[in-house]
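Everything on this sheet refers to the single structure shown next.
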Amino acid sequence: MGDTGPTGPVMDRDEVDRALARLGAEHEAIETSLLALQDHAGRRLLEGAELTGVTAERWSAAEASITLLWAYFDAYTGALRTAREIRSRRRWSSREDLVELTELLRGEAVTVAGSAAATAPAPDGRPGRLSERYTLASLVERMNQLYATSLDMVVAADAVWSALPARIDLLAAELRRTRELAHSVGVRPGEHPAGDDLERITRTLTRLREQVVSDPLAFWTPAQGSSAPGGGRPDTTVYDREAQALEEVRREIEAVLAVRQDAEQRIVRLRDVLSRADRTLAEARTARGEVLAKIAATEVPVVGGPPIVLQEQLAAAAEYRRHAQWHRLSPLLESLEEKAEDELLRARESLTAVTAPLAVRAELRGRLDAYKAKMARLGHAEDPELAEKYEKARRMLWSAPCDLRVAEQAVLRYQRAAAELLATAPRVPGQAGPVDRTGPGA
């Protein structure tokens, strides 16, 4: 059509019918969403709760928004009903009907008057006026905005209430069991740090539950960059910290209980480990004297003394056990068990370091004898030059003190002489040649 009015070109019948179909679908979707919001479990909980803090502030605003949503929806419903009535007057709408429908469907034909419009802030944040005029499209946009903010608040509160109180109650039950166990092994407030921790965790959980119930939005972390209603997650920082603290206390109490049950066996094992460490160090000291006597030109590490401090701590542990001081015995035994194993490892490493020259000498002796056996198998045992080099290396390795560097060179000279002899000697039929790879020297 060529005619125009304040709202632009006058719509034809097909445009009107398409617009009414679209608006009808939008009306149905909006009504479904509003009824779902009205019936949302989170909204019902918010209505009946004694709220504080940020949740009380946001719920007050959300309640006003929900009230306004219904007022907007009623106005939208009325406008849509009027448009349908005008369209149903005639099968072929007159020009006057189409002008009226164009104004209703495209123009600011919807008025929201009274207290609802006056109490609602405008989209730009300015205070609401006594009445507001909207197009149907802008009214839908406004309802979508109010619905999204209201649903976001309701979903967030419901998510926190669904997640945290039940978890706090489960943790509180675990806390009660742990306190009973702690009392049974003598871990009490004022007498043991774990007892003080249990008291602090109890106070924190009690306070946390009260805060979560009255102000759930204080424990909500919105998702960064998300515009979807309810985008985010419950903030469990305080809960997680206390759960971890309780787990640490529980492990400590269980350790104390374990100490009470097998303290004697653990002390016996500790005595055995420290005794083995002491014997190993004594063996290392003896071996050091042997190495200094038998090996020349070698630096031999000094061997440390017995673990006197650990022996004293072990004696203290035995005293704690006799006087049933389990909470003191537990950390001491744990520390001693770690230190005792470290001490045994240190003693073994010391013995290995001290006897290393003897191991080198043994390796050289084995290598020399292996080459001699190989040469004898190949028929070169009586070679005078080879026999002379063998005897010289053997005297060095079987005499004391033995200079390992000189002895190793003598063994290498014997090896080279053997290799040269094999390379130049004629091959005997049925006898392995220079390419033989089966002997010890291969």
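Letters A, B, ... go to the chains of the structure tokens in the order shown; residues in each chain start at 1; ligands are counted from 1 in the same order.
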Please identify all polymer residues within 10 Å of Tyr414 of chain A, counting only C-alpha atoms, omitting same-chain residues fewer than 2 positions from it, and present them as a count of residues only.
22
Residues of segment 222-330 of chain A in helix (DSSP H, G or I), written as JSON, numbers by chain:
{"A": [237, 238, 239, 240, 241, 242, 243, 244, 245, 246, 247, 248, 249, 250, 251, 252, 253, 254, 255, 256, 257, 258, 259, 260, 261, 262, 263, 264, 265, 266, 267, 268, 269, 270, 271, 272, 273, 274, 275, 276, 277, 278, 279, 280, 281, 282, 283, 284, 285, 286, 287, 288, 289, 290, 291, 292, 293, 294, 308, 309, 310, 311, 312, 313, 314, 315, 316, 317, 318, 319, 320, 321, 322, 326, 327, 328, 329, 330]}
Counting only C-alpha atoms, what is within 8 Å of Ile86 of chain A, bar same-chain residues fewer than 3 positions away, as a short mmCIF file (atom, residue, chain, number, x, y, z; two decimals) with N, CA and C atoms, in the first residue's frame?
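This went into selection.cif:
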data_model
loop_
_atom_site.label_atom_id
_atom_site.label_comp_id
_atom_site.auth_asym_id
_atom_site.auth_seq_id
_atom_site.Cartn_x
_atom_site.Cartn_y
_atom_site.Cartn_z
N THR A 82 -7.56 -7.00 21.42
CA THR A 82 -8.19 -5.94 20.64
C THR A 82 -7.85 -6.08 19.16
N ALA A 83 -6.57 -6.35 18.86
CA ALA A 83 -6.16 -6.49 17.46
C ALA A 83 -6.89 -7.66 16.80
N ARG A 89 -13.57 -8.64 12.47
CA ARG A 89 -14.82 -7.97 12.09
C ARG A 89 -15.25 -8.38 10.68
N ASP A 97 -9.93 -0.40 9.11
CA ASP A 97 -9.45 -1.46 10.02
C ASP A 97 -7.94 -1.62 9.94
N LEU A 101 -5.30 -1.27 12.83
CA LEU A 101 -4.42 -2.40 13.18
C LEU A 101 -2.95 -2.03 13.08
#
From a DSSP calculation on the backbone, collect every residue of segment 184-405 of chain A in strand (DSSP E or B) and output the set as a ChimeraX atom specification.
/A:220-222,232-234,295-296,402-403
Please produce a file of those selected residues containing all heavy atoms, as a PDB file, in the first residue's frame.
ATOM      1  N   TRP A 220      27.303 -16.639  45.615  1.00  0.00           N
ATOM      2  CA  TRP A 220      27.097 -16.934  44.191  1.00  0.00           C
ATOM      3  C   TRP A 220      28.140 -16.209  43.368  1.00  0.00           C
ATOM      4  O   TRP A 220      28.378 -15.017  43.547  1.00  0.00           O
ATOM      5  CB  TRP A 220      25.699 -16.489  43.754  1.00  0.00           C
ATOM      6  CG  TRP A 220      25.414 -16.732  42.298  1.00  0.00           C
ATOM      7  CD1 TRP A 220      25.349 -15.797  41.309  1.00  0.00           C
ATOM      8  CD2 TRP A 220      25.135 -17.981  41.676  1.00  0.00           C
ATOM      9  NE1 TRP A 220      25.054 -16.386  40.116  1.00  0.00           N
ATOM     10  CE2 TRP A 220      24.924 -17.742  40.304  1.00  0.00           C
ATOM     11  CE3 TRP A 220      25.063 -19.296  42.150  1.00  0.00           C
ATOM     12  CZ2 TRP A 220      24.632 -18.750  39.404  1.00  0.00           C
ATOM     13  CZ3 TRP A 220      24.777 -20.305  41.243  1.00  0.00           C
ATOM     14  CH2 TRP A 220      24.558 -20.039  39.892  1.00  0.00           C
ATOM     15  N   THR A 221      28.782 -16.940  42.463  1.00  0.00           N
ATOM     16  CA  THR A 221      29.794 -16.362  41.579  1.00  0.00           C
ATOM     17  C   THR A 221      29.270 -16.386  40.156  1.00  0.00           C
ATOM     18  O   THR A 221      29.148 -17.465  39.545  1.00  0.00           O
ATOM     19  CB  THR A 221      31.107 -17.150  41.655  1.00  0.00           C
ATOM     20  OG1 THR A 221      31.569 -17.170  43.009  1.00  0.00           O
ATOM     21  CG2 THR A 221      32.172 -16.516  40.763  1.00  0.00           C
ATOM     22  N   PRO A 222      28.891 -15.217  39.579  1.00  0.00           N
ATOM     23  CA  PRO A 222      28.377 -15.204  38.200  1.00  0.00           C
ATOM     24  C   PRO A 222      29.456 -15.648  37.217  1.00  0.00           C
ATOM     25  O   PRO A 222      30.652 -15.422  37.427  1.00  0.00           O
ATOM     26  CB  PRO A 222      27.992 -13.729  37.985  1.00  0.00           C
ATOM     27  CG  PRO A 222      27.913 -13.124  39.349  1.00  0.00           C
ATOM     28  CD  PRO A 222      28.898 -13.875  40.187  1.00  0.00           C
ATOM     29  N   GLY A 232      26.519 -19.172  36.239  1.00  0.00           N
ATOM     30  CA  GLY A 232      27.462 -19.032  37.349  1.00  0.00           C
ATOM     31  C   GLY A 232      27.479 -20.298  38.179  1.00  0.00           C
ATOM     32  O   GLY A 232      27.010 -21.357  37.760  1.00  0.00           O
ATOM     33  N   ARG A 233      28.011 -20.190  39.381  1.00  0.00           N
ATOM     34  CA  ARG A 233      28.109 -21.365  40.256  1.00  0.00           C
ATOM     35  C   ARG A 233      28.138 -20.911  41.716  1.00  0.00           C
ATOM     36  O   ARG A 233      28.542 -19.782  42.019  1.00  0.00           O
ATOM     37  CB  ARG A 233      29.390 -22.155  39.954  1.00  0.00           C
ATOM     38  CG  ARG A 233      30.649 -21.349  40.151  1.00  0.00           C
ATOM     39  CD  ARG A 233      31.903 -22.166  39.906  1.00  0.00           C
ATOM     40  NE  ARG A 233      33.105 -21.362  40.084  1.00  0.00           N
ATOM     41  CZ  ARG A 233      33.645 -21.077  41.262  1.00  0.00           C
ATOM     42  NH1 ARG A 233      33.084 -21.521  42.380  1.00  0.00           N
ATOM     43  NH2 ARG A 233      34.737 -20.342  41.349  1.00  0.00           N
ATOM     44  N   PRO A 234      27.722 -21.793  42.625  1.00  0.00           N
ATOM     45  CA  PRO A 234      27.821 -21.453  44.055  1.00  0.00           C
ATOM     46  C   PRO A 234      29.282 -21.285  44.467  1.00  0.00           C
ATOM     47  O   PRO A 234      30.157 -22.037  44.025  1.00  0.00           O
ATOM     48  CB  PRO A 234      27.178 -22.663  44.748  1.00  0.00           C
ATOM     49  CG  PRO A 234      26.303 -23.277  43.704  1.00  0.00           C
ATOM     50  CD  PRO A 234      27.004 -23.053  42.395  1.00  0.00           C
ATOM     51  N   ILE A 295      94.099 -50.100  49.333  1.00  0.00           N
ATOM     52  CA  ILE A 295      94.041 -49.311  48.109  1.00  0.00           C
ATOM     53  C   ILE A 295      94.883 -48.048  48.287  1.00  0.00           C
ATOM     54  O   ILE A 295      94.710 -47.305  49.263  1.00  0.00           O
ATOM     55  CB  ILE A 295      92.593 -48.925  47.754  1.00  0.00           C
ATOM     56  CG1 ILE A 295      91.698 -50.171  47.701  1.00  0.00           C
ATOM     57  CG2 ILE A 295      92.554 -48.184  46.438  1.00  0.00           C
ATOM     58  CD1 ILE A 295      92.081 -51.164  46.636  1.00  0.00           C
ATOM     59  N   ALA A 296      95.771 -47.803  47.325  1.00  0.00           N
ATOM     60  CA  ALA A 296      96.654 -46.638  47.407  1.00  0.00           C
ATOM     61  C   ALA A 296      96.092 -45.496  46.559  1.00  0.00           C
ATOM     62  O   ALA A 296      95.344 -45.701  45.616  1.00  0.00           O
ATOM     63  CB  ALA A 296      98.054 -47.014  46.930  1.00  0.00           C
ATOM     64  N   CYS A 402      97.094 -51.342  46.705  1.00  0.00           N
ATOM     65  CA  CYS A 402      96.937 -51.429  45.253  1.00  0.00           C
ATOM     66  C   CYS A 402      96.638 -50.043  44.694  1.00  0.00           C
ATOM     67  O   CYS A 402      95.702 -49.377  45.152  1.00  0.00           O
ATOM     68  CB  CYS A 402      95.805 -52.395  44.908  1.00  0.00           C
ATOM     69  SG  CYS A 402      95.335 -52.385  43.164  1.00  0.00           S
ATOM     70  N   ASP A 403      97.448 -49.629  43.698  1.00  0.00           N
ATOM     71  CA  ASP A 403      97.178 -48.359  43.020  1.00  0.00           C
ATOM     72  C   ASP A 403      96.224 -48.654  41.853  1.00  0.00           C
ATOM     73  O   ASP A 403      96.621 -49.227  40.847  1.00  0.00           O
ATOM     74  CB  ASP A 403      98.490 -47.744  42.505  1.00  0.00           C
ATOM     75  CG  ASP A 403      98.272 -46.322  42.005  1.00  0.00           C
ATOM     76  OD1 ASP A 403      97.198 -46.056  41.422  1.00  0.00           O
ATOM     77  OD2 ASP A 403      99.174 -45.478  42.202  1.00  0.00           O
TER      78      ASP A 403
END
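Here atom CA of Trp70 of chain A stands at a distance of 21.3 Å from atom CA of Gly107 of chain A.
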Skip Val213 of chain A itself and residues of its chain fewer than 5 positions away, then list as an MDAnalysis selection string all residues within 12 Å of it, counting only C-alpha atoms.
chainID A and resid 45:46 48:53 55:56 157:166 168 206:208 218:219
Could you pull the residues within 10 Å of Ala172 of chain A, counting only C-alpha atoms, minus those fewer than 6 positions along the same chain, as an NGL selection string?
:A and (166 or 178 or 201-202 or 205-206 or 243 or 246)
I want to know what sits within 9 Å of segment 334-349 of chain A, based on only C-alpha atoms, with residues of the same chain fewer than 6 positions away left out; could you give that as a ChimeraX atom specification?
/A:255,266,269-271,273-281,284,303-304,307,310,313-314
Can you tell me which residues surround segment 28-43 of chain A at a distance of at most 8 Å, considering only C-alpha atoms, apart from same-chain residues fewer than 4 positions away, and format the answer as a list in words?
Gly24, Glu47, Trp70, Phe73, Tyr147, Leu151, Val154, Val155, Ala157 and Asp158 of chain A
Would you mind telling me which residue in A:Arg405, A:Ala75, A:Arg377, A:His183 lies nearest to Arg133 of chain A when using only C-alpha atoms?
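The closest residue to Arg133 of chain A is A:Ala75.
One distance worth recording is that between atom CA of Arg395 of chain A and atom CA of Ala376 of chain A, which is 19.3 Å.
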